[in-house]
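Just run_6.txt here, compact mmCIF, N, CA and C atoms:
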# COMPACT_ATOMS: atom_id res chain seq x y z
N MET A 157 213.79 151.15 3.97
CA MET A 157 213.30 152.25 4.76
C MET A 157 214.50 153.11 5.19
N VAL A 158 214.30 154.41 5.25
CA VAL A 158 215.36 155.35 5.61
C VAL A 158 215.26 155.65 7.11
N TYR A 159 216.40 155.62 7.78
CA TYR A 159 216.50 155.86 9.21
C TYR A 159 217.48 156.99 9.46
N GLU A 160 217.62 157.35 10.70
CA GLU A 160 218.52 158.43 11.09
C GLU A 160 219.95 158.17 10.60
N TYR A 161 220.36 156.91 10.59
CA TYR A 161 221.75 156.58 10.24
C TYR A 161 221.88 155.97 8.86
N GLY A 162 220.87 156.13 8.03
CA GLY A 162 220.96 155.62 6.68
C GLY A 162 219.77 154.76 6.33
N GLU A 163 219.92 154.02 5.28
CA GLU A 163 218.84 153.18 4.79
C GLU A 163 219.15 151.71 5.09
N PHE A 164 218.16 151.00 5.59
CA PHE A 164 218.30 149.57 5.88
C PHE A 164 217.37 148.81 4.96
N THR A 165 217.87 147.72 4.44
CA THR A 165 217.02 146.88 3.60
C THR A 165 216.13 146.02 4.49
N PRO A 166 215.02 145.52 3.95
CA PRO A 166 214.18 144.61 4.73
C PRO A 166 214.96 143.38 5.21
N ASN A 167 215.91 142.91 4.42
CA ASN A 167 216.71 141.76 4.83
C ASN A 167 217.57 142.07 6.05
N GLN A 168 218.11 143.27 6.11
CA GLN A 168 218.93 143.65 7.26
C GLN A 168 218.09 143.68 8.53
N VAL A 169 216.91 144.23 8.45
CA VAL A 169 216.03 144.29 9.61
C VAL A 169 215.63 142.88 10.03
N ALA A 170 215.29 142.04 9.06
CA ALA A 170 214.92 140.65 9.36
C ALA A 170 216.08 139.90 9.99
N ASP A 171 217.30 140.15 9.52
CA ASP A 171 218.48 139.48 10.08
C ASP A 171 218.70 139.88 11.54
N ILE A 172 218.52 141.15 11.86
CA ILE A 172 218.69 141.60 13.24
C ILE A 172 217.59 141.01 14.13
N LYS A 173 216.37 140.98 13.63
CA LYS A 173 215.29 140.36 14.40
C LYS A 173 215.62 138.90 14.69
N HIS A 174 216.15 138.20 13.70
CA HIS A 174 216.51 136.79 13.88
C HIS A 174 217.64 136.66 14.91
N LEU A 175 218.62 137.54 14.86
CA LEU A 175 219.73 137.51 15.82
C LEU A 175 219.22 137.74 17.24
N ILE A 176 218.35 138.72 17.41
CA ILE A 176 217.78 139.00 18.74
C ILE A 176 217.01 137.78 19.23
N GLN A 177 216.24 137.17 18.35
CA GLN A 177 215.46 135.99 18.71
C GLN A 177 216.38 134.84 19.15
N LYS A 178 217.48 134.63 18.43
CA LYS A 178 218.43 133.57 18.81
C LYS A 178 219.04 133.85 20.18
N LYS A 179 219.38 135.11 20.44
CA LYS A 179 219.97 135.46 21.73
C LYS A 179 218.96 135.23 22.86
N ILE A 180 217.70 135.54 22.60
CA ILE A 180 216.66 135.31 23.61
C ILE A 180 216.51 133.82 23.89
N PHE A 181 216.42 133.01 22.85
CA PHE A 181 216.24 131.58 23.04
C PHE A 181 217.48 130.93 23.68
N PHE A 182 218.65 131.53 23.48
CA PHE A 182 219.86 131.04 24.15
C PHE A 182 219.71 131.15 25.67
N LEU A 183 218.99 132.18 26.12
CA LEU A 183 218.75 132.34 27.56
C LEU A 183 217.99 131.16 28.14
N LEU A 184 217.27 130.46 27.31
CA LEU A 184 216.53 129.29 27.77
C LEU A 184 217.46 128.11 28.01
N ILE A 185 218.34 127.83 27.06
CA ILE A 185 219.18 126.63 27.21
C ILE A 185 220.28 126.80 28.26
N VAL A 186 220.71 128.05 28.51
CA VAL A 186 221.76 128.22 29.52
C VAL A 186 221.23 128.06 30.94
N VAL A 187 219.91 128.10 31.10
CA VAL A 187 219.31 127.99 32.42
C VAL A 187 218.55 126.66 32.59
N ASP A 188 218.23 126.01 31.49
CA ASP A 188 217.49 124.75 31.54
C ASP A 188 218.25 123.74 32.40
N PRO A 189 217.59 123.14 33.39
CA PRO A 189 218.26 122.19 34.27
C PRO A 189 218.95 121.03 33.52
N GLU A 190 218.45 120.70 32.34
CA GLU A 190 219.04 119.58 31.59
C GLU A 190 220.24 119.99 30.75
N THR A 191 220.42 121.27 30.48
CA THR A 191 221.54 121.70 29.63
C THR A 191 222.47 122.72 30.29
N GLN A 192 222.10 123.25 31.44
CA GLN A 192 222.86 124.34 32.03
C GLN A 192 224.30 123.96 32.37
N GLY A 193 224.57 122.69 32.60
CA GLY A 193 225.93 122.27 32.94
C GLY A 193 226.94 122.60 31.86
N GLN A 194 226.48 122.64 30.61
CA GLN A 194 227.37 122.95 29.49
C GLN A 194 227.67 124.44 29.38
N TYR A 195 226.93 125.26 30.11
CA TYR A 195 227.03 126.71 29.97
C TYR A 195 227.34 127.41 31.28
N LYS A 196 228.10 126.75 32.15
CA LYS A 196 228.40 127.32 33.46
C LYS A 196 229.16 128.65 33.36
N SER A 197 229.90 128.84 32.28
CA SER A 197 230.70 130.07 32.16
C SER A 197 229.88 131.27 31.67
N VAL A 198 228.63 131.05 31.29
CA VAL A 198 227.80 132.15 30.79
C VAL A 198 227.29 132.99 31.96
N ASN A 199 227.51 134.26 31.88
CA ASN A 199 226.99 135.21 32.86
C ASN A 199 225.58 135.57 32.41
N VAL A 200 224.59 134.95 33.00
CA VAL A 200 223.19 135.10 32.56
C VAL A 200 222.72 136.55 32.69
N PRO A 201 222.92 137.24 33.81
CA PRO A 201 222.48 138.64 33.87
C PRO A 201 223.14 139.51 32.79
N ALA A 202 224.41 139.26 32.49
CA ALA A 202 225.09 140.03 31.44
C ALA A 202 224.49 139.72 30.07
N ALA A 203 224.08 138.48 29.84
CA ALA A 203 223.44 138.11 28.58
C ALA A 203 222.10 138.84 28.44
N PHE A 204 221.34 138.92 29.53
CA PHE A 204 220.08 139.68 29.51
C PHE A 204 220.37 141.14 29.18
N ASP A 205 221.38 141.71 29.84
CA ASP A 205 221.73 143.11 29.63
C ASP A 205 222.08 143.37 28.17
N ASP A 206 222.85 142.46 27.57
CA ASP A 206 223.23 142.59 26.16
C ASP A 206 222.00 142.63 25.26
N ILE A 207 221.06 141.74 25.51
CA ILE A 207 219.86 141.69 24.68
C ILE A 207 219.00 142.94 24.89
N LEU A 208 218.84 143.35 26.14
CA LEU A 208 218.02 144.53 26.41
C LEU A 208 218.63 145.79 25.80
N ARG A 209 219.95 145.89 25.81
CA ARG A 209 220.60 147.04 25.18
C ARG A 209 220.43 146.98 23.66
N MET A 210 220.54 145.79 23.09
CA MET A 210 220.35 145.63 21.66
C MET A 210 218.92 146.01 21.27
N LEU A 211 217.96 145.57 22.07
CA LEU A 211 216.56 145.93 21.83
C LEU A 211 216.35 147.44 21.92
N ALA A 212 217.00 148.08 22.87
CA ALA A 212 216.86 149.52 23.03
C ALA A 212 217.37 150.26 21.79
N GLY A 213 218.50 149.82 21.27
CA GLY A 213 219.03 150.43 20.05
C GLY A 213 218.14 150.17 18.85
N PHE A 214 217.66 148.94 18.74
CA PHE A 214 216.76 148.57 17.65
C PHE A 214 215.48 149.39 17.75
N ASN A 215 215.00 149.57 18.96
CA ASN A 215 213.80 150.37 19.23
C ASN A 215 213.98 151.79 18.69
N ASP A 216 215.11 152.39 18.99
CA ASP A 216 215.38 153.75 18.51
C ASP A 216 215.45 153.80 16.98
N LEU A 217 216.16 152.86 16.40
CA LEU A 217 216.33 152.85 14.94
C LEU A 217 215.01 152.66 14.20
N LEU A 218 214.10 151.88 14.78
CA LEU A 218 212.83 151.60 14.12
C LEU A 218 211.71 152.55 14.57
N ASN A 219 212.09 153.64 15.22
CA ASN A 219 211.12 154.66 15.64
C ASN A 219 210.11 154.13 16.66
N HIS A 220 210.57 153.35 17.59
CA HIS A 220 209.82 152.93 18.77
C HIS A 220 208.56 152.09 18.51
N PRO A 221 208.73 150.93 17.86
CA PRO A 221 207.55 150.05 17.71
C PRO A 221 207.11 149.54 19.08
N THR A 222 205.82 149.47 19.30
CA THR A 222 205.30 149.12 20.63
C THR A 222 205.65 147.69 21.05
N GLU A 223 205.89 146.82 20.10
CA GLU A 223 206.21 145.42 20.44
C GLU A 223 207.47 145.31 21.29
N VAL A 224 208.39 146.23 21.11
CA VAL A 224 209.65 146.18 21.86
C VAL A 224 209.41 146.35 23.35
N VAL A 225 208.42 147.13 23.73
CA VAL A 225 208.10 147.33 25.15
C VAL A 225 207.68 146.01 25.78
N SER A 226 206.80 145.29 25.12
CA SER A 226 206.32 144.01 25.63
C SER A 226 207.45 143.00 25.76
N ILE A 227 208.31 142.94 24.74
CA ILE A 227 209.44 142.01 24.77
C ILE A 227 210.37 142.36 25.93
N SER A 228 210.68 143.63 26.07
CA SER A 228 211.58 144.07 27.15
C SER A 228 210.99 143.76 28.52
N CYS A 229 209.69 143.97 28.68
CA CYS A 229 209.03 143.67 29.96
C CYS A 229 209.12 142.19 30.29
N ARG A 230 208.88 141.35 29.30
CA ARG A 230 208.96 139.90 29.53
C ARG A 230 210.38 139.47 29.87
N LEU A 231 211.36 140.05 29.20
CA LEU A 231 212.75 139.71 29.49
C LEU A 231 213.14 140.16 30.90
N LYS A 232 212.70 141.35 31.28
CA LYS A 232 212.99 141.84 32.63
C LYS A 232 212.34 140.94 33.67
N ALA A 233 211.11 140.50 33.41
CA ALA A 233 210.42 139.59 34.34
C ALA A 233 211.13 138.24 34.41
N ALA A 234 211.63 137.75 33.28
CA ALA A 234 212.37 136.48 33.27
C ALA A 234 213.66 136.61 34.07
N LEU A 235 214.36 137.73 33.92
CA LEU A 235 215.58 137.96 34.69
C LEU A 235 215.28 137.99 36.18
N GLU A 236 214.22 138.68 36.55
CA GLU A 236 213.85 138.74 37.97
C GLU A 236 213.48 137.35 38.49
N GLU A 237 212.82 136.55 37.68
CA GLU A 237 212.49 135.18 38.08
C GLU A 237 213.77 134.38 38.28
N TYR A 238 214.70 134.48 37.34
CA TYR A 238 215.98 133.77 37.43
C TYR A 238 216.75 134.18 38.68
N GLN A 239 216.71 135.44 39.02
CA GLN A 239 217.49 135.95 40.15
C GLN A 239 216.92 135.56 41.51
N LYS A 240 215.83 134.84 41.52
CA LYS A 240 215.28 134.33 42.78
C LYS A 240 216.13 133.18 43.32
N GLY A 241 217.13 132.76 42.55
CA GLY A 241 218.02 131.69 42.99
C GLY A 241 217.32 130.35 43.04
N ASN A 242 217.49 129.64 44.13
CA ASN A 242 216.92 128.29 44.27
C ASN A 242 215.39 128.30 44.26
N GLU A 243 214.79 129.45 44.47
CA GLU A 243 213.34 129.52 44.53
C GLU A 243 212.69 129.88 43.20
N TYR A 244 213.52 130.05 42.15
CA TYR A 244 212.92 130.43 40.89
C TYR A 244 212.18 129.26 40.26
N ASP A 245 211.16 129.60 39.47
CA ASP A 245 210.31 128.60 38.82
C ASP A 245 210.71 128.55 37.34
N PHE A 246 211.36 127.45 36.95
CA PHE A 246 211.83 127.34 35.57
C PHE A 246 210.67 127.40 34.57
N LYS A 247 209.51 126.88 34.93
CA LYS A 247 208.37 126.91 34.00
C LYS A 247 207.92 128.35 33.73
N VAL A 248 207.92 129.18 34.74
CA VAL A 248 207.57 130.59 34.56
C VAL A 248 208.62 131.28 33.70
N TYR A 249 209.89 131.05 34.02
CA TYR A 249 211.01 131.61 33.26
C TYR A 249 210.91 131.19 31.80
N ARG A 250 210.68 129.91 31.57
CA ARG A 250 210.60 129.35 30.21
C ARG A 250 209.48 130.02 29.42
N ARG A 251 208.31 130.15 30.02
CA ARG A 251 207.17 130.76 29.35
C ARG A 251 207.48 132.21 28.96
N LEU A 252 208.11 132.95 29.86
CA LEU A 252 208.45 134.34 29.57
C LEU A 252 209.46 134.45 28.42
N ILE A 253 210.46 133.59 28.44
CA ILE A 253 211.48 133.60 27.38
C ILE A 253 210.88 133.21 26.04
N LEU A 254 210.10 132.14 26.01
CA LEU A 254 209.50 131.69 24.75
C LEU A 254 208.56 132.75 24.18
N THR A 255 207.78 133.38 25.04
CA THR A 255 206.85 134.41 24.57
C THR A 255 207.61 135.62 24.04
N ALA A 256 208.64 136.05 24.76
CA ALA A 256 209.45 137.19 24.30
C ALA A 256 210.10 136.87 22.96
N GLY A 257 210.65 135.67 22.83
CA GLY A 257 211.30 135.28 21.58
C GLY A 257 210.33 135.26 20.41
N LYS A 258 209.15 134.76 20.64
CA LYS A 258 208.13 134.70 19.59
C LYS A 258 207.68 136.11 19.20
N GLU A 259 207.57 136.99 20.18
CA GLU A 259 207.12 138.36 19.92
C GLU A 259 208.08 139.15 19.02
N VAL A 260 209.33 138.75 18.99
CA VAL A 260 210.30 139.45 18.13
C VAL A 260 209.82 139.44 16.68
N GLU A 261 209.19 138.36 16.28
CA GLU A 261 208.68 138.26 14.90
C GLU A 261 207.65 139.35 14.59
N SER A 262 206.98 139.84 15.61
CA SER A 262 205.90 140.81 15.39
C SER A 262 206.38 142.27 15.34
N ILE A 263 207.68 142.50 15.57
CA ILE A 263 208.19 143.88 15.53
C ILE A 263 208.02 144.42 14.11
N LYS A 264 207.37 145.58 14.06
CA LYS A 264 207.12 146.23 12.76
C LYS A 264 207.95 147.48 12.63
N GLU A 265 208.30 147.78 11.40
CA GLU A 265 208.98 149.04 11.13
C GLU A 265 207.94 150.14 11.13
N VAL A 266 208.21 151.22 11.85
CA VAL A 266 207.26 152.32 11.94
C VAL A 266 207.71 153.45 11.04

Give the structure from this file in C-alpha cells form.
Amino acid sequence: MVYEYGEFTPNQVADIKHLIQKKIFFLLIVVDPETQGQYKSVNVPAAFDDILRMLAGFNDLLNHPTEVVSISCRLKAALEEYQKGNEYDFKVYRRLILTAGKEVESIKEV
C-alpha cells in the first residue's frame, strides 16, 4: 500500500503491529506483583507515552483506522488505573492491557 512517505509492504505493517503488541504486553509484566521486582528501573508512565506516540504515528500513516482510538483509550485508562498508586486494581489494569494488546491485531489498513 502507498502512503504519504512511500510504500509499505504488508510484512512491514505486520511487523510494526507485532512490535506495538509486544510493547503493550510488556506493560503487564513490569507492573505484575509477581514480576515487577525485576523491572524497578522501568519508568512505566514513559513506557505508556512511548506506545501512545507510536500508535499516533501509526494512526497517521494508516489513514486513521478506528481501532487505534479504542486501543489508545484502553491504554490511557490503564495508565490512569496504575497512577492510583496503592489503590490501583491490578485486575482492572491487566484486563485493559490484555484487551488493548489483542485489539492491535484488528488494526486495518485504510

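Considering the residues A:Ala170, A:Cys229, A:Ile180, A:Ala212 and counting only C-alpha atoms, A:Val200 has its shortest atom-to-atom contact with A:Ile180.
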
Quiz item: Using only C-alpha atoms, which residue out of A:Lys240, A:Lys179, A:Phe246, A:Lys196 lies closest to A:Leu211?
Solution: A:Lys179

Quiz prompt | Shell around stretch 230-233 of chain A at 7 Å using all atoms listed in the file, local window under 5 positions removed, as a PyMOL selection string | solution = chain A and resi 225+238+249+252-253+256

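For the pair atom N of A:Asp206 and atom C of A:Ser228, the separation is 12.0 Å.
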
Each residue of stretch 172-221 of chain A with at least one atom at most 8 Å from stretch 258-262 of chain A should appear once, together with its nearest atom pair and the corresponding distance in Å (one decimal); atoms considered: all atoms listed in the file; ordering: chain, then increasing residue number; output as JSON lines.
{"residue": "A:Lys173", "atom": "CA", "partner": "A:Val260", "partner_atom": "C", "distance": 6.0}
{"residue": "A:His174", "atom": "N", "partner": "A:Val260", "partner_atom": "C", "distance": 7.1}
{"residue": "A:Ile176", "atom": "C", "partner": "A:Val260", "partner_atom": "CA", "distance": 7.0}
{"residue": "A:Gln177", "atom": "CA", "partner": "A:Val260", "partner_atom": "CA", "distance": 6.2}
{"residue": "A:Phe181", "atom": "N", "partner": "A:Lys258", "partner_atom": "N", "distance": 7.8}

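Across the structure, atom C of A:Ala203 and atom CA of A:Asp216 are spaced 19.1 Å apart.
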
What box, with edges along x, y and z, holds each listed atom of stretch 175-192 of chain A when 6 Å is added on every side, and can you state its centre and edge lengths in Å to one decimal, as JSON?
{"center_x": 219.9, "center_y": 129.3, "center_z": 24.6, "size_x": 20.8, "size_y": 31.4, "size_z": 31.4}

Quiz prompt | Polymer residues at most 5 Å from (224.0, 127.5, 29.0) by only N, CA and C atoms, as number ranges by chain | solution = A: 185-187, 192, 194-195

Quiz item: Using the chain letters and numbers from this document, which residues of chain A does DSSP assign to strand (DSSP E or B), as an MDAnalysis selection string?
Solution: chainID A and resid 158:159 162:163

Take the residues that were just selected and, keeping N, CA and C atoms, output them as an mmCIF file, keeping the file's coordinate frame.
data_model
loop_
_atom_site.group_PDB
_atom_site.id
_atom_site.type_symbol
_atom_site.label_atom_id
_atom_site.label_comp_id
_atom_site.auth_asym_id
_atom_site.auth_seq_id
_atom_site.Cartn_x
_atom_site.Cartn_y
_atom_site.Cartn_z
ATOM 1 N N VAL A 158 214.300 154.410 5.250
ATOM 2 C CA VAL A 158 215.360 155.350 5.610
ATOM 3 C C VAL A 158 215.260 155.650 7.110
ATOM 4 N N TYR A 159 216.400 155.620 7.780
ATOM 5 C CA TYR A 159 216.500 155.860 9.210
ATOM 6 C C TYR A 159 217.480 156.990 9.460
ATOM 7 N N GLY A 162 220.870 156.130 8.030
ATOM 8 C CA GLY A 162 220.960 155.620 6.680
ATOM 9 C C GLY A 162 219.770 154.760 6.330
ATOM 10 N N GLU A 163 219.920 154.020 5.280
ATOM 11 C CA GLU A 163 218.840 153.180 4.790
ATOM 12 C C GLU A 163 219.150 151.710 5.090
#

Exercise. Going by DSSP on the backbone, which bits of chain A are helix (DSSP H, G or I)? Write them as JSON, numbers by chain, please.
Key: {"A": [166, 167, 168, 169, 170, 171, 172, 173, 174, 175, 176, 177, 178, 179, 180, 181, 182, 183, 184, 185, 192, 193, 194, 195, 200, 201, 202, 203, 204, 205, 206, 207, 208, 209, 210, 211, 212, 213, 214, 215, 216, 217, 223, 224, 225, 226, 227, 228, 229, 230, 231, 232, 233, 234, 235, 236, 237, 238, 241, 242, 243, 246, 247, 248, 249, 250, 251, 252, 253, 254, 255, 256, 257, 258, 259, 260, 261, 262]}

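Note that the spacing between atom N of A:Lys264 and atom CA of A:Pro221 amounts to 5.8 Å.
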
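Taking only C-alpha atoms into account, A:Val169 lies nearest to A:Asn215 out of the set A:Asn199, A:Ser226, A:Asn215, A:Thr191.
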
Pull stretch 219-230 of chain A out of the block and emit C-alpha atoms, as a compact mmCIF listing (two decimals), in the first residue's frame.
# COMPACT_ATOMS: atom_id res chain seq x y z
CA ASN A 219 -5.03 6.94 7.45
CA HIS A 220 -6.70 6.78 10.86
CA PRO A 221 -8.12 3.28 11.35
CA THR A 222 -10.79 3.39 14.06
CA GLU A 223 -9.23 0.54 16.04
CA VAL A 224 -6.40 2.82 17.13
CA VAL A 225 -8.84 5.03 19.06
CA SER A 226 -10.08 2.08 21.12
CA ILE A 227 -6.55 0.86 21.82
CA SER A 228 -5.42 4.34 22.87
CA CYS A 229 -8.44 4.76 25.16
CA ARG A 230 -7.75 1.45 26.89
